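Coordinates from query-v3.cif are shown below (mmCIF, C-alpha atoms).
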```cif
data_data
loop_
_atom_site.label_atom_id
_atom_site.label_comp_id
_atom_site.auth_asym_id
_atom_site.auth_seq_id
_atom_site.Cartn_x
_atom_site.Cartn_y
_atom_site.Cartn_z
CA MET A 1 136.31 62.51 174.86
CA PHE A 2 133.88 65.26 175.89
CA ARG A 3 135.47 65.35 179.31
CA LEU A 4 138.94 65.81 177.83
CA LEU A 5 137.64 68.58 175.61
CA TYR A 6 135.90 70.21 178.53
CA CYS A 7 139.09 70.02 180.65
CA THR A 8 141.02 71.65 177.83
CA LEU A 9 138.48 74.46 177.61
CA LEU A 10 138.69 75.00 181.34
CA ARG A 11 142.47 75.18 181.18
CA LEU A 12 142.24 77.88 178.58
CA HIS A 13 140.24 80.12 180.90
CA PRO A 14 141.94 83.04 182.68
CA ALA A 15 144.05 81.83 185.59
CA ARG A 16 141.99 83.46 188.29
CA PHE A 17 138.71 82.14 186.99
CA ARG A 18 140.23 78.72 186.37
CA GLU A 19 141.68 78.35 189.85
CA ARG A 20 138.47 79.44 191.47
CA PHE A 21 135.79 77.64 189.49
CA SER A 22 137.29 74.94 187.25
CA GLU A 23 136.99 72.20 189.89
CA GLU A 24 133.35 72.94 190.43
CA MET A 25 132.62 73.16 186.73
CA LEU A 26 134.30 69.81 186.20
CA SER A 27 132.32 68.43 189.12
CA ILE A 28 129.12 69.52 187.42
CA PHE A 29 130.28 67.94 184.19
CA ASP A 30 130.89 64.66 185.99
CA HIS A 31 127.35 64.72 187.35
CA VAL A 32 125.51 65.17 184.09
CA GLU A 33 124.40 62.08 182.22
CA GLY A 34 124.13 61.55 178.51
CA ARG A 35 126.17 62.65 175.54
CA ARG A 36 123.75 65.37 174.65
CA ALA A 37 124.02 67.02 178.04
CA ALA A 38 127.80 66.66 177.92
CA ALA A 39 127.94 68.26 174.48
CA ARG A 40 125.78 71.11 175.74
CA LEU A 41 128.25 71.70 178.57
CA VAL A 42 131.15 71.73 176.13
CA VAL A 43 129.40 74.42 174.12
CA ASP A 44 128.71 76.29 177.32
CA GLY A 45 132.40 76.02 178.23
CA LEU A 46 133.40 77.40 174.85
CA VAL A 47 131.05 80.36 175.23
CA SER A 48 132.36 80.91 178.72
CA LEU A 49 135.94 80.87 177.44
CA VAL A 50 135.21 83.58 174.88
CA ARG A 51 133.26 85.59 177.44
CA GLN A 52 136.00 85.47 180.05
CA TRP A 53 138.77 86.59 177.71
CA THR A 54 136.79 89.31 175.98
CA LEU A 55 134.31 90.68 178.50
CA ARG A 56 135.78 89.77 181.88
CA SER A 57 139.33 90.98 181.53
CA GLY A 58 139.30 91.98 185.19
CA TYR A 59 140.18 88.44 186.19
CA TRP A 60 143.60 88.34 184.63
CA GLU A 61 144.34 92.04 185.21
CA GLU A 62 143.91 91.64 188.94
CA ARG A 63 145.94 88.47 188.79
CA THR A 64 148.83 90.26 187.12
CA ILE A 65 148.84 92.98 189.73
CA GLU A 66 148.79 90.44 192.53
CA ARG A 67 151.86 88.69 191.19
CA VAL A 68 154.16 91.69 191.45
CA PRO A 69 156.48 90.83 194.36
CA TRP A 70 157.70 93.50 196.70
CA SER A 71 161.10 94.02 198.22
CA ALA A 72 161.83 94.89 201.83
CA GLU A 73 161.80 98.59 200.93
CA GLY A 74 158.33 98.23 199.52
CA LEU A 75 159.43 98.52 195.92
CA PRO A 76 158.44 96.00 193.28
CA VAL A 77 161.49 93.99 192.38
CA PHE A 78 160.19 91.74 189.68
CA TYR A 79 157.27 91.98 187.34
CA THR A 80 156.04 88.72 185.92
CA LEU A 81 154.38 88.57 182.55
CA GLU A 82 152.78 85.21 183.18
CA SER A 83 149.11 85.24 182.26
CA PHE A 84 149.67 88.71 180.94
CA LYS A 85 147.52 89.98 178.17
CA PRO A 86 147.42 93.56 176.97
CA ARG A 87 144.27 95.52 177.49
CA THR A 88 141.71 95.42 174.71
CA SER A 89 141.97 99.17 174.24
CA ALA A 90 145.74 98.84 173.87
CA LEU A 91 145.29 96.16 171.22
CA VAL A 92 142.81 98.30 169.32
CA ALA A 93 145.06 101.35 169.55
CA GLY A 94 148.05 99.33 168.42
CA GLY A 95 146.13 97.92 165.49
CA LEU A 96 144.94 101.37 164.39
CA LEU A 97 148.46 102.75 164.73
CA THR A 98 149.84 99.92 162.61
CA VAL A 99 147.27 100.45 159.89
CA GLY A 100 147.91 104.19 159.97
CA LEU A 101 151.67 103.77 159.64
CA PHE A 102 151.16 101.31 156.80
CA CYS A 103 148.98 103.80 154.94
CA VAL A 104 151.49 106.62 155.49
CA GLU A 105 154.33 104.45 154.22
CA TYR A 106 152.30 103.37 151.21
CA LEU A 107 151.40 106.95 150.31
CA ASP A 108 155.00 107.99 150.82
CA LEU A 109 156.26 105.33 148.44
CA ARG A 110 153.50 106.02 145.94
CA TYR A 111 153.62 109.79 145.74
CA ASP A 112 157.04 110.79 147.00
CA TRP A 113 158.75 112.89 144.34
CA ALA A 114 162.18 111.59 145.27
CA HIS A 115 161.55 107.98 144.54
CA PRO A 116 164.60 105.94 145.52
CA VAL A 117 164.59 104.12 142.18
CA PHE A 118 165.08 107.37 140.30
CA ARG A 119 167.43 109.02 142.74
CA PRO A 120 170.70 109.89 141.05
CA PHE A 121 173.59 107.71 142.10
CA ARG A 122 176.24 109.93 143.56
CA GLY A 123 179.08 107.60 142.78
CA ILE A 124 178.56 108.15 139.06
CA GLN A 125 178.99 111.45 137.39
CA PHE A 126 177.74 112.16 133.96
CA GLU A 127 180.01 113.49 131.27
CA THR A 128 181.65 116.74 132.12
CA SER A 129 180.68 119.95 130.49
CA SER A 130 182.09 120.80 127.12
CA ASP A 131 182.06 124.50 127.82
CA VAL A 132 183.55 124.49 131.27
CA GLU A 133 187.27 124.15 131.20
CA THR A 134 188.58 121.45 133.45
CA PRO A 135 191.36 122.89 135.57
CA PRO A 136 194.72 121.26 135.01
CA VAL A 137 195.49 118.57 137.51
CA ARG A 138 199.04 118.18 138.55
CA THR A 139 200.37 114.80 139.41
CA PRO A 140 203.09 114.42 142.00
CA ARG A 141 206.55 114.44 140.57
CA LEU A 142 208.00 111.02 140.12
CA PRO A 143 211.53 110.32 141.26
CA ARG A 144 214.12 110.38 138.55
CA LEU A 145 215.50 106.93 137.81
CA GLY A 146 218.21 107.94 135.41
CA VAL A 147 216.09 107.04 132.44
CA ALA A 148 215.80 109.47 129.63
CA PRO A 149 212.42 111.23 129.66
CA VAL A 150 209.94 109.80 127.31
CA SER A 151 208.21 112.24 125.14
CA SER A 152 204.52 112.58 125.48
CA GLN A 153 202.59 110.45 123.12
CA GLN A 154 198.96 109.83 122.69
CA GLU A 155 197.34 106.52 122.32
CA THR A 156 193.86 105.91 121.13
CA ILE A 157 191.68 103.45 123.01
CA SER A 158 188.60 102.39 121.16
CA ARG A 159 185.38 102.04 123.02
CA HIS A 160 183.63 98.74 123.17
CA PRO A 161 181.48 98.74 120.09
CA GLY A 162 178.65 96.69 121.55
CA THR A 163 177.93 98.83 124.57
CA LYS A 164 174.30 99.75 125.06
CA SER A 165 174.42 101.84 128.19
CA LEU A 166 175.09 105.48 128.68
CA GLU A 167 178.67 106.39 129.41
CA ALA A 168 178.78 106.97 133.12
CA VAL A 169 182.22 107.65 134.48
CA PRO A 170 182.88 106.63 138.06
CA SER A 171 184.11 109.48 140.17
CA LEU A 172 186.95 108.16 142.24
CA PRO A 173 188.52 110.26 144.94
CA GLY A 174 191.93 111.66 144.11
CA ARG A 175 191.66 110.73 140.48
CA PRO A 176 190.78 113.16 137.73
CA LEU A 177 187.71 112.38 135.75
CA PRO A 178 188.42 111.25 132.22
CA SER A 179 187.40 114.07 129.99
CA GLN A 180 187.33 112.06 126.84
CA LEU A 181 184.06 113.57 125.81
CA ASN A 182 184.82 117.19 126.47
CA THR A 183 184.55 119.03 123.26
CA PRO A 184 184.27 122.47 121.81
CA THR A 185 181.76 121.10 119.34
CA ALA A 186 180.13 123.80 117.34
CA PRO A 187 176.57 124.20 118.53
CA SER A 188 175.46 124.96 115.01
CA LYS A 189 176.14 121.42 113.96
CA THR A 190 172.96 119.54 113.31
CA HIS A 191 172.10 116.64 115.53
CA ARG A 192 171.76 114.38 112.57
CA GLN A 193 175.28 115.14 111.50
CA ALA A 194 176.41 114.68 115.06
CA ARG A 195 174.98 111.19 115.11
CA LEU A 196 176.75 110.37 111.91
CA ASP A 197 179.97 111.66 113.39
CA ALA A 198 179.42 109.66 116.51
CA SER A 199 179.11 106.49 114.51
CA GLU A 200 182.60 106.89 113.16
CA PRO A 201 185.04 104.84 115.20
CA LYS A 202 187.66 107.50 114.89
CA ALA A 203 185.53 110.15 116.49
CA ARG A 204 184.25 107.86 119.23
CA SER A 205 187.56 107.49 120.93
CA ILE A 206 189.07 108.04 124.28
CA THR A 207 192.48 109.59 124.54
CA ALA A 208 194.97 108.67 127.15
CA THR A 209 198.27 110.32 127.66
CA HIS A 210 201.54 108.82 128.73
CA LEU A 211 203.42 111.38 130.70
CA SER A 212 207.02 111.90 131.33
CA PRO A 213 208.00 112.19 134.99
CA GLY A 214 207.12 115.55 136.41
CA GLN A 215 204.92 116.55 133.55
CA ALA A 216 201.62 118.13 134.45
CA VAL A 217 198.45 116.51 133.22
CA VAL A 218 196.12 118.69 131.25
CA SER A 219 192.73 117.34 130.36
CA PRO A 220 192.64 116.98 126.63
CA LYS A 221 189.66 118.31 124.79
CA VAL A 222 187.86 115.69 122.77
CA PRO A 223 184.59 115.96 120.94
CA ASN A 224 181.51 115.48 123.10
CA LEU A 225 179.82 113.32 120.52
CA ALA A 226 178.36 110.64 122.69
CA LEU A 227 175.85 113.08 124.11
CA LEU A 228 174.96 114.38 120.71
CA SER A 229 174.25 110.90 119.49
CA TYR A 230 171.17 110.95 121.67
CA ALA A 231 170.15 114.45 120.75
CA GLY A 232 167.47 115.00 118.23
CA ALA A 233 163.76 115.04 117.72
CA TYR A 234 161.76 111.96 118.55
CA ILE A 235 158.14 111.25 117.85
CA THR A 236 156.02 108.92 119.92
CA ASP A 237 154.04 106.09 118.50
CA PRO A 238 150.32 106.49 117.86
CA PRO A 239 147.78 107.09 119.28
CA ASN A 240 149.40 109.57 121.67
CA GLU A 241 151.61 111.20 119.12
CA PHE A 242 153.81 114.06 120.28
CA THR A 243 157.27 115.30 119.61
CA VAL A 244 160.08 115.01 122.10
CA LEU A 245 163.21 117.08 121.75
CA ILE A 246 166.43 115.78 123.26
CA THR A 247 169.23 118.32 123.36
CA ALA A 248 172.74 118.27 124.72
CA GLU A 249 173.59 121.39 126.65
CA ASP A 250 176.43 122.06 129.03
CA GLY A 251 177.49 118.47 128.91
CA GLN A 252 174.07 117.25 129.91
CA LEU A 253 171.08 116.02 128.06
CA ALA A 254 167.84 117.92 128.28
CA ILE A 255 164.34 116.99 127.26
CA GLU A 256 161.54 119.16 126.06
CA ILE A 257 158.04 118.30 124.91
CA PRO A 258 156.85 121.34 122.98
CA GLY A 259 153.55 122.59 124.28
CA GLU A 260 153.42 120.10 127.15
CA GLU A 261 156.64 119.90 129.09
CA PRO A 262 159.18 122.70 129.45
CA LYS A 263 162.81 121.95 129.00
CA SER A 264 164.15 119.80 131.81
CA ARG A 265 167.63 118.48 132.33
CA LEU A 266 168.10 114.74 132.42
CA VAL A 267 169.98 113.21 135.29
CA PRO A 268 171.44 109.73 134.93
CA THR A 269 170.31 107.18 137.46
CA VAL A 270 171.36 103.70 138.27
CA GLY A 271 171.16 101.66 135.11
CA THR A 272 170.48 103.29 131.79
CA GLY A 273 167.63 105.52 132.85
CA LEU A 274 167.64 109.31 132.82
CA VAL A 275 165.29 111.06 135.17
CA PHE A 276 163.79 114.51 134.68
CA SER A 277 165.49 116.95 137.01
CA ASP A 278 162.20 118.77 137.59
CA ALA A 279 159.93 115.76 137.94
CA HIS A 280 161.57 112.68 139.35
CA ASN A 281 158.59 110.51 138.57
CA ASN A 282 159.27 111.02 134.90
CA TRP A 283 162.21 109.36 133.24
CA ILE A 284 163.41 108.09 129.92
CA GLU A 285 165.58 105.32 128.60
CA PHE A 286 167.37 105.01 125.27
CA VAL A 287 167.47 101.78 123.34
CA LYS A 288 170.49 101.65 121.09
CA HIS A 289 171.92 99.63 118.29
CA ASP A 290 175.21 97.91 118.71
CA ASP A 291 176.84 100.82 116.94
CA GLY A 292 175.69 103.16 119.70
CA ILE A 293 172.94 104.91 117.79
CA ALA A 294 169.72 105.26 119.72
CA TYR A 295 166.81 103.97 117.69
CA GLU A 296 164.11 104.04 120.32
CA LEU A 297 163.26 106.17 123.30
CA SER A 298 161.11 104.89 126.15
CA ILE A 299 159.38 107.68 128.02
CA TYR A 300 157.80 107.10 131.41
CA ARG A 301 155.78 110.21 132.07
CA ASN A 302 153.06 110.77 134.65
CA GLY A 303 152.62 107.05 135.10
CA GLN A 304 152.31 106.39 131.38
CA HIS A 305 154.74 104.70 129.05
CA PHE A 306 155.41 105.99 125.57
CA LYS A 307 157.71 104.72 122.89
CA ALA A 308 159.31 107.19 120.56
CA HIS A 309 161.56 106.89 117.55
CA PRO A 310 163.90 109.39 115.94
CA LYS A 311 162.06 111.76 113.73
CA THR A 312 163.05 111.13 110.14
CA ARG A 313 161.78 112.42 106.87
CA SER A 314 159.54 109.44 106.47
CA ASN A 315 157.59 110.07 109.65
CA ARG A 316 157.92 113.83 109.62
CA LYS A 317 154.61 115.53 108.93
CA MET B 1 122.88 104.36 206.18
CA LYS B 2 120.63 102.67 203.70
CA GLU B 3 122.33 101.73 200.43
CA ASP B 4 120.67 102.73 197.21
CA LEU B 5 119.79 99.40 195.62
CA SER B 6 118.17 100.83 192.54
CA ALA B 7 121.63 101.08 190.94
CA PHE B 8 121.71 97.28 190.73
CA LEU B 9 118.31 96.99 189.12
CA PRO B 10 116.96 95.51 187.00
CA LEU B 11 118.61 92.17 187.55
CA SER B 12 119.36 89.91 184.62
CA PRO B 13 117.35 86.68 184.41
CA ALA B 14 120.38 84.61 185.41
CA THR B 15 121.16 86.81 188.41
CA LEU B 16 117.52 86.87 189.45
CA TYR B 17 117.25 83.11 189.33
CA ILE B 18 120.50 82.56 191.21
CA LEU B 19 119.54 84.99 193.99
CA LEU B 20 116.09 83.51 194.14
CA THR B 21 117.51 80.02 194.44
CA LEU B 22 119.96 80.98 197.18
CA ALA B 23 117.22 82.82 199.07
CA GLY B 24 115.96 79.50 200.39
CA ASN B 25 119.10 77.51 201.20
CA ASP B 26 122.83 77.50 200.88
CA LEU B 27 123.61 75.62 197.71
CA HIS B 28 126.54 74.49 195.59
CA GLY B 29 126.80 75.21 191.87
CA TYR B 30 125.18 72.05 190.65
CA GLY B 31 122.39 72.48 193.19
CA ILE B 32 121.78 76.02 191.94
CA MET B 33 121.51 74.74 188.38
CA GLN B 34 119.03 72.08 189.31
CA GLU B 35 116.98 74.44 191.44
CA VAL B 36 116.84 77.05 188.68
CA SER B 37 115.63 74.39 186.29
CA ARG B 38 112.98 73.30 188.76
CA GLN B 39 111.79 76.84 189.56
CA SER B 40 111.46 77.75 185.91
CA GLU B 41 109.84 74.42 185.16
CA GLY B 42 112.60 73.61 182.74
CA GLN B 43 112.17 76.80 180.72
CA TYR B 44 115.42 78.38 181.83
CA LYS B 45 118.56 76.26 181.92
CA LEU B 46 121.72 77.67 183.39
CA GLY B 47 125.05 76.34 182.16
CA PRO B 48 128.13 76.18 184.42
CA GLY B 49 129.87 78.91 182.45
CA THR B 50 127.01 81.35 182.87
CA LEU B 51 126.45 80.27 186.47
CA TYR B 52 129.99 80.86 187.67
CA ASP B 53 130.39 84.01 185.65
CA ASN B 54 127.35 85.41 187.45
CA LEU B 55 128.44 84.01 190.78
CA GLN B 56 131.78 85.78 190.41
CA LYS B 57 130.01 89.08 189.83
CA LEU B 58 127.64 88.50 192.72
CA ILE B 59 130.54 87.67 195.06
CA ASP B 60 132.41 90.79 193.98
CA ARG B 61 129.30 92.88 194.67
CA ARG B 62 128.85 91.12 198.01
CA PHE B 63 125.42 89.82 197.10
CA VAL B 64 126.60 86.26 197.62
CA GLN B 65 129.08 84.81 200.06
CA GLU B 66 131.23 81.79 199.36
CA LEU B 67 131.16 79.27 202.19
CA GLY B 68 133.71 76.82 200.87
CA HIS B 69 133.64 73.06 201.03
CA ARG B 70 131.42 71.16 203.39
CA PRO B 71 132.73 68.03 205.04
CA GLY B 72 130.73 64.94 204.33
CA ASP B 73 129.51 66.11 200.96
CA ASP B 74 129.23 63.65 198.12
CA ASP B 75 131.73 65.56 196.05
CA PRO B 76 134.57 67.31 197.90
CA ARG B 77 135.04 69.67 194.96
CA ARG B 78 131.73 71.40 195.62
CA ARG B 79 131.64 74.80 197.27
CA TYR B 80 128.58 76.29 198.84
CA TYR B 81 127.20 79.76 198.41
CA ARG B 82 124.95 81.85 200.63
CA LEU B 83 122.87 84.92 199.94
CA THR B 84 124.00 87.95 201.96
CA SER B 85 121.68 90.51 203.45
CA LEU B 86 122.66 92.92 200.70
CA GLY B 87 121.80 90.31 198.11
CA ARG B 88 118.54 89.66 199.80
CA GLY B 89 117.74 93.36 199.75
CA VAL B 90 118.56 93.62 196.06
CA LEU B 91 116.41 90.59 195.36
CA ALA B 92 113.53 92.09 197.33
CA ALA B 93 113.88 95.37 195.47
CA ASP B 94 113.80 93.62 192.15
CA VAL B 95 110.78 91.59 193.19
CA VAL B 96 108.97 94.84 194.07
CA ARG B 97 109.92 96.21 190.68
CA LEU B 98 108.65 93.07 189.01
CA GLU B 99 105.41 93.32 191.00
CA GLY B 100 104.91 96.76 189.59
CA VAL B 101 105.60 95.44 186.11
CA VAL B 102 103.12 92.63 186.63
CA ARG B 103 100.48 94.97 188.04
CA GLU B 104 100.88 97.37 185.14
CA ALA B 105 100.79 94.52 182.68
CA ARG B 106 97.58 93.14 184.16
CA ILE B 107 95.93 96.52 183.92
CA ARG B 108 96.92 97.01 180.34
CA LEU B 109 96.18 93.49 179.27
CA GLN B 110 92.61 93.51 180.64
CA PRO B 111 90.01 93.16 177.91
CA ALA B 112 88.53 96.52 177.02
CA LYS B 113 85.01 97.07 178.46
CA PRO B 114 82.37 98.12 175.96
CA ARG B 115 81.42 101.79 176.38
CA ARG B 116 77.82 102.90 176.84
CA ALA B 117 76.40 104.96 174.04
#
```
For this file, write the structure as structure tokens.
Amino acid sequence: MFRLLYCTLLRLHPARFRERFSEEMLSIFDHVEGRRAAARLVVDGLVSLVRQWTLRSGYWEERTIERVPWSAEGLPVFYTLESFKPRTSALVAGGLLTVGLFCVEYLDLRYDWAHPVFRPFRGIQFETSSDVETPPVRTPRLPRLGVAPVSSQQETISRHPGTKSLEAVPSLPGRPLPSQLNTPTAPSKTHRQARLDASEPKARSITATHLSPGQAVVSPKVPNLALLSYAGAYITDPPNEFTVLITAEDGQLAIEIPGEEPKSRLVPTVGTGLVFSDAHNNWIEFVKHDDGIAYELSIYRNGQHFKAHPKTRSNRK
Amino acid sequence: MKEDLSAFLPLSPATLYILLTLAGNDLHGYGIMQEVSRQSEGQYKLGPGTLYDNLQKLIDRRFVQELGHRPGDDDPRRRYYRLTSLGRGVLAADVVRLEGVVREARIRLQPAKPRRA
């Protein structure tokens, strides 16, 4: 058993050392008597194995160079990697480089302001501005089929009442964005009243127009109430109590924390989150009832999570 | 031109014993091990791994010459080694160095003589 182990250790030595000395070392092993002496030689072989691979790298390096064959023109034609082992310095340098790259990547993911999770999704556009007029989009004229033109009529399509996510409208190429939420809503209207209006099924509607052939499509103006349903003052739960103001301006929501955070526009991201346009590490998320009214606001700010609720008379100080 | 041998000094105990062993006769590896054990009166035991690692270095430095197999030997796997003149010179230089060490040690280790008042 010791002999087999010793042979294995000898085979694991660098090729040059093994070819030159393994026979003699095995000869010595065969001459010793006693298990104790044999065990001592096995230990010696193990130490030698470590020594040869770590301290005597010259054996295999020379061997590698010797094995490069040469063509008739004196150029190396084939480079064998048998018994090849990178230099110790190369291994150390590679290890340090790997650790360095790992640290850089970690710091990049940890502190990068444009975190991929909060990066706005370009395929989704938030509701269009209520103040900016959408230019009329003309559809191509349809061929006349001898049918009397149908007069324009409007049909009301109710929204799904149980929706809990923000209304993000996919922007498809060649197709006008639905402007169901464009509105000339009076800015003087209180947010509270706006939320009440938004809860009415009649107001929360999307208009679609059936057109007669050849008729130009003009984006209808509908109240931008969905945005206003989020607007209002929120107050965070104790112990870190502060007021958060959500406003709807130019068709976009904005957030302001009086005395702490200046007004920042909110950009919708993938999912139901809204990220601060000025600080992408900060974002919020509305939690709504089935009727669409937001009853809770989750704020993720500077690595901390706050929960806020609409400011009512009961919690108003 | 005389080669500067001081660059090779001091020799390690293993190298010193191997050169000292080969200074008398051409020996194979197992013979070197036995002779080292005999010269050191069993205090220094050389394993095959250490022996051939040192022999490789000594061959590369041309202190030792490999003679190959000898016909008629008990074990045909054995190879013999011989001390070269360069190796002999290095060994002699190290012995001189050791003599100086021994001389200095004897002086310093002498019992201090009592001074007259």
Using the chain letters and numbering of this document, enumerate as a PyMOL selection string the residues selected by the PyMOL selection byres ((chain B) within 7 of (chain A)). chain B and resi 30+47-50+52+77-78
Hey, what comes out of the PyMOL selection byres ((chain B and resi 87) around 8) on this file? Could you write it as a ChimeraX atom specification? /B:19,62-64,83-86,88-91
Name the residues in contact with Val267 in chain A at a cut-off of 7 Å, using only C-alpha atoms, excluding same-chain residues fewer than 6 positions from it; report them as a PyMOL selection string. chain A and resi 120+274-277
Take CA of Val244 in chain A and CA of Thr272 in chain A and report the distance between them in Å, one decimal. 18.4 Å
For the file shown, what are the residues hit by the PyMOL selection byres ((chain B and resi 16) around 12), laid out as number ranges by chain? B: 8-15, 17-23, 32, 36, 39-40, 44, 46, 51, 54-55, 58, 63, 83, 87-88, 90-95, 98
Would you mind reading off the distance between CA of Gly100 in chain B and CA of Met33 in chain B, one decimal, in Å? 27.6 Å
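Computed from the coordinates, the CA of Ala248 in chain A to CA of Gln304 in chain A distance equals 24.6 Å.
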Nearest to Gln56 in chain B among B:Val102, B:His69, B:Gly29, B:Arg108, with distances taken over all atoms listed in the file: which residue is it? B:Gly29
Please identify all polymer residues within 7 Å of Lys263 in chain A, counting only C-alpha atoms, omitting same-chain residues fewer than 5 positions from it, and present them as a ChimeraX atom specification. /A:254-256
For range 105-109 of chain B, I'd like the enclosing box, axis-aligned and padded by 4 Å on every side, reported as JSON with centre and edge lengths in Å to one decimal.
```
{"center_x": 98.4, "center_y": 95.1, "center_z": 181.7, "size_x": 12.9, "size_y": 11.9, "size_z": 12.9}
```
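The list of residues with at least one atom within 9 Å of Pro310 in chain A, based on only C-alpha atoms and without residues fewer than 5 positions apart in the same chain, reads Gly232, Ala233, Tyr234, Ile235, Thr236, Ala294, Tyr295, Glu296, Leu297 and Asn315 of chain A.
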